[in-house]
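The block underneath contains the structure these notes are about, expressed in structure tokens.
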Amino acid sequence: MGSSTITLTAADGFQFPAYVAEPEGTPRGAIVVLQEIFGVNSHIRAVADGYASAGYLAVAPSTFHRVRPGVELGYQEQDMTDGQALKAAVEALPAPGVQQDIQAAVDHAARASGGKVGIVGFCWGGLLVWRAAEQVGGLSAAVAYYGGGMTTEAEAGRAPKVPVMAHFGEKDHWIPLDSVEAFKKRHPEVEVHVYAADHGFNCDQRGSWNADAARQAKTRTLDFFAVHLG
């Protein structure tokens, strides 16, 4: 298994970096990994490495690069403040904004792996995954972890074009449980799982990390990708 940072080019000519983790042997497909509001930091690189260990080519594009290059934050209060500001700046970009960077990552993942492409994202990345399931071409499956905002009225109205799995924590004060229940009713085609956990439960660098929930969600995610990328 190896890793590197490459430069991708979006449809508008914008260039941005992406972390790539390669599996041993021929990839069984590819997974695009979308960051939280903390950049492509050590945790996101570890997530990508984990998918490479499972046999997938993993590509983690920097979705902050259009507003600030080289973002790699931790999980302290100031990091949270900085990350929220960067997210707001990206969300304020004219359409299609960062979606074209995600499209470039998916296109590269398809070419480099020679297989089908799934996408997984966390927090803000989970919201971007939900949008990508509707807007980005070349995907075969999408998994959103505690996608902040995806259960709001405005975002829940989207119509995904690929199979979607979504993981939520019942203790997540950023994503009210009643909004998750409403989302489930609106999207019976989405496989929704709720855990006795808080926001960010997948990240072992956060106080909200929940090992049991993270393990169960990862198992379900890998099973989901095995079905749809196989």
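To be explicit about the labels: the chains of the structure tokens are called A, B, and onward in the order shown, and within each one the residues are counted from 1, while ligands get numbers from 1 in the order they are shown.
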
Enumerate, in order of chain and increasing residue number, the residues of segment 14-42 of chain A with an atom no farther than 10 Å from segment 202-226 of chain A, each with its shortest atom pair and distance in Å to one decimal, counting only C-alpha atoms, as JSON lines.
{"residue": "A:Arg28", "atom": "CA", "partner": "A:Ala226", "partner_atom": "CA", "distance": 8.8}
{"residue": "A:Gly29", "atom": "CA", "partner": "A:Phe225", "partner_atom": "CA", "distance": 9.1}
{"residue": "A:Ala30", "atom": "CA", "partner": "A:Phe225", "partner_atom": "CA", "distance": 9.5}
{"residue": "A:Ile31", "atom": "CA", "partner": "A:Phe225", "partner_atom": "CA", "distance": 8.8}
{"residue": "A:Ser42", "atom": "CA", "partner": "A:Gln205", "partner_atom": "CA", "distance": 9.3}

Just the residues within 7 Å of Leu139 of chain A, please, counting only C-alpha atoms, with nothing from its chain fewer than 5 positions along; format it as a compact mmCIF listing (two decimals) with C-alpha atoms, in the first residue's frame.
# COMPACT_ATOMS: atom_id res chain seq x y z
CA VAL A 117 -16.55 4.77 -7.73
CA GLY A 118 -18.21 5.34 -4.37
CA VAL A 162 -27.32 6.52 -6.83

Just the residues within 6 Å of segment 73-87 of chain A, please, counting only C-alpha atoms, with nothing from its chain fewer than 3 positions along; format it as a PyMOL selection string. chain A and resi 37-38+90

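Distances from A:Glu191, A:Glu36, A:Asp101, A:Glu153 to His167 of chain A were compared using only C-alpha atoms, and the smallest one belongs to A:Glu191.
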
Strand (DSSP E) residues, from DSSP on the backbone, in segment 19-56 of chain A, as a PyMOL selection string: chain A and resi 19-22+30-34

What lies within 12 Å of Thr26 of chain A using only C-alpha atoms, ignoring chain neighbours under 6 positions off, as a PyMOL selection string? chain A and resi 1+52+54-57+112-115

Kindly save the residues from that selection, with N, CA and C atoms included, as a short mmCIF file (atom, residue, chain, number, x, y, z; two decimals), in the first residue's frame.
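The result, stored in result.cif:
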data_model
loop_
_atom_site.label_atom_id
_atom_site.label_comp_id
_atom_site.auth_asym_id
_atom_site.auth_seq_id
_atom_site.Cartn_x
_atom_site.Cartn_y
_atom_site.Cartn_z
N MET A 1 0.85 -1.20 0.00
CA MET A 1 0.00 0.00 0.00
C MET A 1 0.88 1.24 0.00
N ALA A 52 -8.05 2.03 1.44
CA ALA A 52 -7.02 1.37 0.63
C ALA A 52 -6.70 -0.01 1.20
N ALA A 54 -8.73 -1.88 2.57
CA ALA A 54 -9.86 -2.73 2.21
C ALA A 54 -9.89 -3.04 0.72
N GLY A 55 -8.89 -2.56 -0.02
CA GLY A 55 -8.77 -2.91 -1.42
C GLY A 55 -9.17 -1.84 -2.41
N TYR A 56 -9.57 -0.67 -1.93
CA TYR A 56 -10.02 0.40 -2.81
C TYR A 56 -8.92 1.45 -3.03
N LEU A 57 -8.92 2.04 -4.21
CA LEU A 57 -8.14 3.26 -4.42
C LEU A 57 -8.92 4.39 -3.75
N ALA A 112 -8.13 5.92 -12.61
CA ALA A 112 -6.97 5.32 -11.93
C ALA A 112 -7.26 3.93 -11.40
N SER A 113 -8.51 3.67 -11.04
CA SER A 113 -8.86 2.35 -10.48
C SER A 113 -9.34 1.37 -11.53
N GLY A 114 -9.90 1.91 -12.62
CA GLY A 114 -10.50 1.04 -13.62
C GLY A 114 -11.78 0.38 -13.17
N GLY A 115 -12.35 0.89 -12.07
CA GLY A 115 -13.57 0.29 -11.52
C GLY A 115 -14.63 1.32 -11.21
#

What is the distance between atom CA of Asp49 of chain A and atom CA of Ser3 of chain A, in Å to one decimal? 7.9 Å

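Coordinates place atom CA of Ile119 of chain A at a distance of 22.3 Å from atom CA of Trp174 of chain A.
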
With only C-alpha atoms as the atoms that count, which of A:Gly2, A:Gly126, A:Gly97, A:Pro176 lies nearest to Tyr145 of chain A? A:Gly126

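Atom to atom, atom CA of Ala48 of chain A and atom CA of Ala21 of chain A stand 6.1 Å apart.
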
Residues within 7 Å of Thr7 of chain A, only C-alpha atoms, excluding chain neighbours under 3 positions, as a VMD selection string: chain A and resid 15 to 18

List the spatial neighbours of segment 182-188 of chain A as a list in words - criterion: any atom at most 12 Å away, only C-alpha atoms, same-chain residues fewer than 4 positions off excluded. Trp130, Gly147, Gly149, Met150, Thr151, Thr152, Glu153, Ala154, Glu155, Ala156, Gly157, Arg158, Ala159, Pro160, Pro163, Val164, Met165, Ala166, His167, Phe168, Ile175, Pro176, Leu177, Asp178, Val192, His193 and Val194 of chain A

I need the chosen residues saved as a compact mmCIF listing (two decimals), in the first residue's frame, with N, CA and C atoms.
# COMPACT_ATOMS: atom_id res chain seq x y z
N TRP A 130 -24.19 14.06 -0.08
CA TRP A 130 -25.62 14.06 -0.38
C TRP A 130 -25.90 14.86 -1.66
N GLY A 147 -24.13 14.14 8.03
CA GLY A 147 -24.04 15.25 7.08
C GLY A 147 -24.78 16.47 7.60
N GLY A 149 -26.72 19.55 7.82
CA GLY A 149 -27.58 20.29 6.91
C GLY A 149 -28.37 19.43 5.95
N MET A 150 -27.98 18.17 5.78
CA MET A 150 -28.66 17.36 4.76
C MET A 150 -30.10 17.02 5.14
N THR A 151 -30.43 17.13 6.43
CA THR A 151 -31.81 16.83 6.84
C THR A 151 -32.69 18.08 6.89
N THR A 152 -32.13 19.24 6.52
CA THR A 152 -32.95 20.46 6.48
C THR A 152 -33.92 20.39 5.31
N GLU A 153 -34.93 21.21 5.36
CA GLU A 153 -35.96 21.21 4.32
C GLU A 153 -35.35 21.46 2.94
N ALA A 154 -34.43 22.41 2.87
CA ALA A 154 -33.84 22.78 1.58
C ALA A 154 -33.03 21.65 0.97
N GLU A 155 -32.26 20.95 1.80
CA GLU A 155 -31.39 19.89 1.29
C GLU A 155 -32.11 18.56 1.14
N ALA A 156 -33.07 18.31 2.01
CA ALA A 156 -33.76 17.01 1.97
C ALA A 156 -34.59 16.84 0.70
N GLY A 157 -34.84 17.93 -0.01
CA GLY A 157 -35.61 17.87 -1.24
C GLY A 157 -34.85 17.32 -2.43
N ARG A 158 -33.57 17.02 -2.25
CA ARG A 158 -32.77 16.51 -3.36
C ARG A 158 -33.19 15.09 -3.75
N ALA A 159 -32.89 14.75 -5.00
CA ALA A 159 -33.24 13.42 -5.51
C ALA A 159 -31.97 12.69 -5.91
N PRO A 160 -31.44 11.82 -5.05
CA PRO A 160 -30.18 11.12 -5.37
C PRO A 160 -30.34 10.20 -6.57
N PRO A 163 -27.55 4.80 -5.10
CA PRO A 163 -27.89 4.32 -3.76
C PRO A 163 -27.13 5.11 -2.68
N VAL A 164 -27.84 5.45 -1.60
CA VAL A 164 -27.26 6.25 -0.52
C VAL A 164 -27.46 5.56 0.82
N MET A 165 -26.41 5.59 1.64
CA MET A 165 -26.48 5.19 3.04
C MET A 165 -26.13 6.42 3.88
N ALA A 166 -26.81 6.59 5.00
CA ALA A 166 -26.54 7.74 5.86
C ALA A 166 -26.44 7.30 7.32
N HIS A 167 -25.39 7.77 8.00
CA HIS A 167 -25.17 7.46 9.41
C HIS A 167 -25.37 8.73 10.25
N PHE A 168 -26.13 8.60 11.33
CA PHE A 168 -26.38 9.72 12.24
C PHE A 168 -26.20 9.28 13.69
N ILE A 175 -27.59 18.01 14.46
CA ILE A 175 -28.58 17.42 13.56
C ILE A 175 -29.70 16.82 14.41
N PRO A 176 -30.77 17.58 14.64
CA PRO A 176 -31.84 17.11 15.53
C PRO A 176 -32.43 15.77 15.05
N LEU A 177 -32.71 14.90 16.00
CA LEU A 177 -33.20 13.56 15.68
C LEU A 177 -34.54 13.62 14.95
N ASP A 178 -35.37 14.61 15.27
CA ASP A 178 -36.66 14.70 14.57
C ASP A 178 -36.45 15.01 13.08
N VAL A 192 -30.81 4.48 6.22
CA VAL A 192 -30.43 5.36 7.33
C VAL A 192 -30.16 4.53 8.58
N HIS A 193 -29.03 4.82 9.23
CA HIS A 193 -28.68 4.17 10.50
C HIS A 193 -28.44 5.24 11.56
N VAL A 194 -28.98 5.02 12.73
CA VAL A 194 -28.82 5.95 13.85
C VAL A 194 -28.14 5.21 15.00
